[in-house]
file input-v8.cif (mmCIF, C-alpha atoms and all ligand atoms)
data_run
loop_
_atom_site.label_atom_id
_atom_site.label_comp_id
_atom_site.auth_asym_id
_atom_site.auth_seq_id
_atom_site.Cartn_x
_atom_site.Cartn_y
_atom_site.Cartn_z
CA MET A 1 -5.71 30.91 -19.78
CA PRO A 2 -2.66 30.37 -17.55
CA ALA A 3 0.77 31.34 -18.91
CA ASP A 4 2.15 28.82 -21.45
CA PRO A 5 5.33 27.98 -19.50
CA PHE A 6 3.21 27.29 -16.41
CA VAL A 7 0.83 25.04 -18.37
CA ALA A 8 3.78 23.06 -19.74
CA LYS A 9 5.33 22.66 -16.26
CA LEU A 10 2.03 21.76 -14.61
CA ASN A 11 1.49 19.04 -17.21
CA GLU A 12 4.94 17.68 -16.29
CA GLN A 13 4.02 17.83 -12.62
CA ILE A 14 0.92 15.70 -13.25
CA ALA A 15 3.34 12.96 -14.33
CA ASN A 16 5.46 13.51 -11.20
CA GLU A 17 2.40 13.21 -8.94
CA PHE A 18 1.19 10.03 -10.68
CA ALA A 19 4.75 8.65 -10.39
CA ALA A 20 4.66 9.47 -6.65
CA HIS A 21 1.32 7.64 -6.47
CA GLN A 22 2.82 4.54 -8.09
CA GLN A 23 5.89 4.72 -5.84
CA TYR A 24 3.75 4.82 -2.71
CA VAL A 25 1.64 1.90 -3.95
CA ALA A 26 4.92 -0.02 -4.37
CA CYS A 27 5.99 0.92 -0.80
CA ALA A 28 2.56 -0.10 0.54
CA VAL A 29 2.67 -3.45 -1.24
CA TYR A 30 6.16 -4.12 0.13
CA PHE A 31 4.94 -3.48 3.71
CA ASP A 32 1.79 -5.52 3.09
CA GLY A 33 4.01 -8.40 1.95
CA GLU A 34 6.05 -8.06 5.14
CA THR A 35 2.81 -8.21 7.20
CA LEU A 36 3.21 -4.69 8.53
CA PRO A 37 -0.40 -3.55 8.09
CA GLN A 38 -0.07 -0.11 9.68
CA LEU A 39 2.86 0.92 7.49
CA ALA A 40 1.04 -0.57 4.49
CA GLY A 41 -2.10 1.41 5.33
CA PHE A 42 -0.09 4.60 5.79
CA PHE A 43 1.48 4.24 2.32
CA TYR A 44 -1.81 3.26 0.66
CA ARG A 45 -3.28 6.51 2.08
CA GLN A 46 -0.27 8.54 0.91
CA ALA A 47 -0.66 6.99 -2.53
CA MET A 48 -4.28 8.18 -2.71
CA GLU A 49 -3.18 11.68 -1.72
CA GLU A 50 -0.65 11.79 -4.57
CA ARG A 51 -3.29 10.65 -7.02
CA ASP A 52 -5.52 13.46 -5.73
CA HIS A 53 -2.71 15.99 -6.24
CA ALA A 54 -2.48 14.93 -9.89
CA MET A 55 -6.25 15.18 -10.30
CA MET A 56 -6.35 18.64 -8.67
CA MET A 57 -3.85 19.80 -11.28
CA VAL A 58 -5.96 18.22 -14.04
CA GLN A 59 -9.02 20.06 -12.70
CA TYR A 60 -7.16 23.39 -12.67
CA LEU A 61 -6.19 22.98 -16.32
CA LEU A 62 -9.78 22.00 -17.20
CA ASP A 63 -11.16 25.00 -15.29
CA THR A 64 -8.83 27.40 -17.08
CA GLU A 65 -9.36 25.83 -20.53
CA ALA A 66 -5.68 24.98 -20.78
CA PRO A 67 -4.43 21.88 -22.62
CA VAL A 68 -4.03 18.80 -20.41
CA ALA A 69 -2.60 15.39 -21.35
CA ILE A 70 -2.67 12.37 -19.05
CA PRO A 71 0.90 11.02 -18.99
CA GLY A 72 2.48 7.61 -18.60
CA VAL A 73 4.95 7.26 -15.74
CA VAL A 74 8.26 5.48 -15.17
CA ALA A 75 8.11 2.31 -13.10
CA PRO A 76 8.64 2.81 -9.34
CA VAL A 77 11.25 1.08 -7.20
CA SER A 78 9.56 -1.98 -5.73
CA GLY A 79 12.37 -4.03 -4.15
CA PHE A 80 13.70 -2.94 -0.76
CA ASP A 81 16.47 -4.27 1.50
CA ASP A 82 14.79 -3.46 4.81
CA VAL A 83 11.82 -1.62 6.32
CA VAL A 84 13.70 1.69 6.55
CA ALA A 85 14.53 1.84 2.81
CA PRO A 86 11.03 2.65 1.47
CA ILE A 87 10.64 5.44 4.04
CA ALA A 88 14.03 6.96 3.17
CA LEU A 89 13.08 6.81 -0.51
CA ALA A 90 9.74 8.46 0.28
CA LEU A 91 11.45 11.34 2.11
CA GLU A 92 13.78 11.90 -0.86
CA GLN A 93 10.74 11.92 -3.14
CA GLU A 94 8.91 14.50 -0.97
CA LYS A 95 11.98 16.77 -0.96
CA ARG A 96 12.22 16.51 -4.75
CA VAL A 97 8.51 17.30 -5.16
CA THR A 98 8.89 20.32 -2.85
CA ALA A 99 11.53 21.72 -5.21
CA GLN A 100 9.24 21.04 -8.20
CA ILE A 101 6.28 22.77 -6.53
CA ASN A 102 8.38 25.80 -5.62
CA GLU A 103 9.63 25.97 -9.21
CA LEU A 104 6.02 25.96 -10.46
CA ALA A 105 5.19 28.90 -8.20
CA ALA A 106 8.29 30.72 -9.47
CA VAL A 107 7.33 30.14 -13.11
CA ALA A 108 3.83 31.50 -12.47
CA ARG A 109 5.22 34.57 -10.73
CA GLN A 110 7.76 35.28 -13.47
CA ALA A 111 4.94 35.16 -16.02
CA ASN A 112 2.74 37.50 -13.92
CA ASP A 113 0.22 34.64 -13.77
CA TYR A 114 -1.23 35.39 -10.34
CA SER A 115 -4.08 32.84 -10.49
CA SER A 116 -1.61 30.05 -11.07
CA GLU A 117 0.71 31.39 -8.39
CA GLN A 118 -2.22 31.33 -5.97
CA PHE A 119 -3.22 27.81 -7.08
CA MET A 120 0.26 26.63 -6.06
CA GLN A 121 -0.02 28.01 -2.52
CA TRP A 122 -1.98 25.02 -1.19
CA PHE A 123 0.65 22.64 -2.59
CA ILE A 124 3.46 24.62 -0.94
CA LYS A 125 1.77 24.21 2.44
CA GLU A 126 1.04 20.54 1.73
CA GLN A 127 4.71 19.85 0.95
CA VAL A 128 5.83 21.31 4.28
CA GLU A 129 3.51 18.82 6.01
CA GLU A 130 4.51 15.85 3.86
CA VAL A 131 8.24 16.39 4.32
CA ALA A 132 7.73 16.78 8.09
CA THR A 133 5.55 13.64 8.30
CA MET A 134 8.02 11.55 6.34
CA SER A 135 11.12 12.78 8.17
CA ASP A 136 9.44 12.06 11.54
CA LEU A 137 8.57 8.55 10.37
CA LEU A 138 12.11 8.00 9.08
CA ARG A 139 13.62 9.07 12.41
CA VAL A 140 11.34 6.68 14.32
CA ALA A 141 12.11 3.84 11.88
CA GLN A 142 15.88 4.40 12.10
CA ARG A 143 15.98 4.22 15.89
CA SER A 144 13.52 1.33 16.33
CA SER A 145 15.11 -2.07 16.82
CA ASP A 146 11.64 -3.67 16.87
CA VAL A 147 9.44 -3.07 13.81
CA GLN A 148 6.40 -3.26 16.08
CA ASP A 149 7.49 0.09 17.54
CA ILE A 150 7.17 1.63 14.06
CA GLU A 151 3.73 0.05 13.63
CA ASP A 152 2.64 1.44 17.02
CA TYR A 153 3.93 4.90 16.11
CA VAL A 154 1.90 4.89 12.88
CA VAL A 155 -1.26 3.92 14.81
CA ARG A 156 -0.63 6.65 17.37
CA GLU A 157 0.51 9.50 15.14
CA GLN A 158 -0.46 8.79 11.53
CA SER A 159 -3.90 7.20 11.51
CA GLY A 160 -5.14 9.65 8.94
CA GLN A 161 -6.45 13.18 9.21
CA GLY A 162 -9.87 14.31 8.07
CA ASP A 163 -10.55 15.98 4.75
CA ASP A 164 -8.92 19.37 4.19
CA PRO A 165 -11.70 21.81 3.21
CA THR A 166 -9.13 24.22 1.74
CA ALA A 167 -7.85 21.65 -0.79
CA PRO A 168 -8.42 22.38 -4.49
CA ARG A 169 -11.08 20.23 -6.17
CA ALA A 170 -9.82 17.05 -7.81
CA ALA A 171 -11.10 16.11 -11.27
CA GLY A 172 -13.82 13.48 -10.97
CA ALA A 173 -14.34 14.06 -7.24
CA THR A 174 -17.91 14.20 -6.01
CA ALA A 175 -18.31 17.60 -4.42
FE FE B 201 2.00 15.27 -4.14
FE FE B 202 3.58 13.93 -1.34
#
call {"tool": "encode", "arguments": {"input": "input-v8.cif", "output": "C-alpha cells", "more": "lines below"}}
Ligand SMILES: [Fe+2]
Ligand SMILES: [Fe+2]
result
Amino acid sequence: MPADPFVAKLNEQIANEFAAHQQYVACAVYFDGETLPQLAGFFYRQAMEERDHAMMMVQYLLDTEAPVAIPGVVAPVSGFDDVVAPIALALEQEKRVTAQINELAAVARQANDYSSEQFMQWFIKEQVEEVATMSDLLRVAQRSSDVQDIEDYVVREQSGQGDDPTAPRAAGATA
C-alpha cells in the first residue's frame, strides 16, 4: 500500500480535481450564456480533463488497495465581470494545482514511496502544459479588443488534442 501521508494527501487532491472540474463547468456555462461557443467548448473539454484527473487518482488508490472516499466540493465561482475574468481565474487555479501536485510528489519521496512518486510524474508534466495553455489564452484574451479574435484563436490553437496514451487509467474508463 502507498505511504499513509500520501494516501491522505491524494484523497484531498481528488477533492481539488473535482472542484477544478466544477469550476471549469461554471466557466463553460458562462461563455455558453455569452454565446461564445468556442470558449465554452474549450472549458467543457478542460472540465472533462479535471474529472479524469480525479478518476485517475481514484483508480490508483483502488489498484493499491488504499482507502478512497469520494468527496463533496465547495461551490465554484460562477459570476464574472467580463470574458477575461474566467480565464484569469483558471490560470490561478492551474498554478495552485501545480503546487499541490508538486507537494504530492514531495510527500511520496519523503516517505520513500517510489511507486507513488512515479504515479505523480504524469501529473507534473500535465500541469506544465495546462499552465502554459491557460497563460497563452489569457494573454490573447487580454490584448483582444474583439472577442471574436479570442474565439478564432481557440479554433486555431485549442481545438482539442488526441488521447494521451501515457495517461494513467481513470476509474470507470473503458480500456
Ligand atoms: Fe487537474
Ligand atoms: Fe488542470
call {"tool": "residues_near_ligand", "arguments": {"input": "input-v8.cif", "ligand": "ligand FE 201 (chain B)", "cutoff": "9 Å", "atoms": "all atoms listed in the file", "output": "list in words"}}
result
Asn16, Glu17, Phe18, Ala20, His21, Gln46, Ala47, Glu49, Glu50, Arg51, Asp52, His53, Ala54, Glu94, Val97, Thr98, Ile101, Phe123, Glu126, Gln127 and Glu130 of chain A
call {"tool": "residues_around", "arguments": {"input": "input-v8.cif", "residues": "Glu157 of chain A", "least_positions_apart": "5", "cutoff": "10 Å", "atoms": "only C-alpha atoms", "output": "list in words"}}
result
Thr133, Asp136, Leu137 and Asp152 of chain A
call {"tool": "atom_distance", "arguments": {"input": "input-v8.cif", "atom1": "atom CA of Arg109 of chain A", "atom2": "atom CA of Ile70 of chain A"}}
result
25.0 Å
call {"tool": "closest_residue", "arguments": {"input": "input-v8.cif", "among": "A:Val73, A:Ala167, A:Ala111, A:Met134", "to": "ligand FE 202 (chain B)", "atoms": "only C-alpha atoms and all ligand atoms"}}
result
A:Met134
call {"tool": "atom_distance", "arguments": {"input": "input-v8.cif", "atom1": "atom CA of Pro86 of chain A", "atom2": "atom CA of Tyr153 of chain A"}}
result
16.4 Å
call {"tool": "residues_around", "arguments": {"input": "input-v8.cif", "residues": "Leu10 of chain A", "least_positions_apart": "4", "cutoff": "9 Å", "atoms": "only C-alpha atoms", "output": "number ranges by chain"}}
result
A: 5-6, 14-15, 57-58, 61, 68, 104
call {"tool": "residues_around", "arguments": {"input": "input-v8.cif", "residues": "Glu151 of chain A", "least_positions_apart": "3", "cutoff": "6 Å", "atoms": "only C-alpha atoms", "output": "PDB file with C-alpha atoms, keeping the file's coordinate frame"}}
result
ATOM      1  CA  GLN A  38      -0.070  -0.110   9.680  1.00  0.00           C
ATOM      2  CA  GLN A 148       6.400  -3.260  16.080  1.00  0.00           C
ATOM      3  CA  VAL A 154       1.900   4.890  12.880  1.00  0.00           C
TER       4      VAL A 154
END
call {"tool": "atom_distance", "arguments": {"input": "input-v8.cif", "atom1": "atom CA of Gly72 of chain A", "atom2": "atom CA of Ala173 of chain A"}}
result
21.3 Å
call {"tool": "closest_residue", "arguments": {"input": "input-v8.cif", "among": "A:Asp81, A:Glu34, A:Glu65, A:Asp164", "to": "Val147 of chain A", "atoms": "all atoms listed in the file"}}
result
A:Glu34
call {"tool": "closest_residue", "arguments": {"input": "input-v8.cif", "among": "A:Gln59, A:Thr64, A:Ser135, A:Ser78", "to": "Lys95 of chain A", "atoms": "only C-alpha atoms"}}
result
A:Ser135
call {"tool": "closest_residue", "arguments": {"input": "input-v8.cif", "among": "A:Leu138, A:Phe42, A:Val74, A:Thr166", "to": "Glu92 of chain A", "atoms": "only C-alpha atoms"}}
result
A:Leu138
call {"tool": "closest_residue", "arguments": {"input": "input-v8.cif", "among": "A:Asp4, A:Tyr30, A:Met48, A:Glu12", "to": "ligand FE 202 (chain B)", "atoms": "all atoms listed in the file"}}
result
A:Met48
call {"tool": "axis_aligned_box", "arguments": {"input": "input-v8.cif", "around": "segment 69-78 of chain A", "padding_each_side": "4 Å", "output": "AutoDock Vina command-line options"}}
result
--center_x 4.3 --center_y 6.7 --center_z -13.5 --size_x 21.9 --size_y 25.4 --size_z 23.6
call {"tool": "closest_residue", "arguments": {"input": "input-v8.cif", "among": "A:Ala3, A:Met56, A:Cys27, A:Ile150", "to": "Gln110 of chain A", "atoms": "only C-alpha atoms"}}
result
A:Ala3
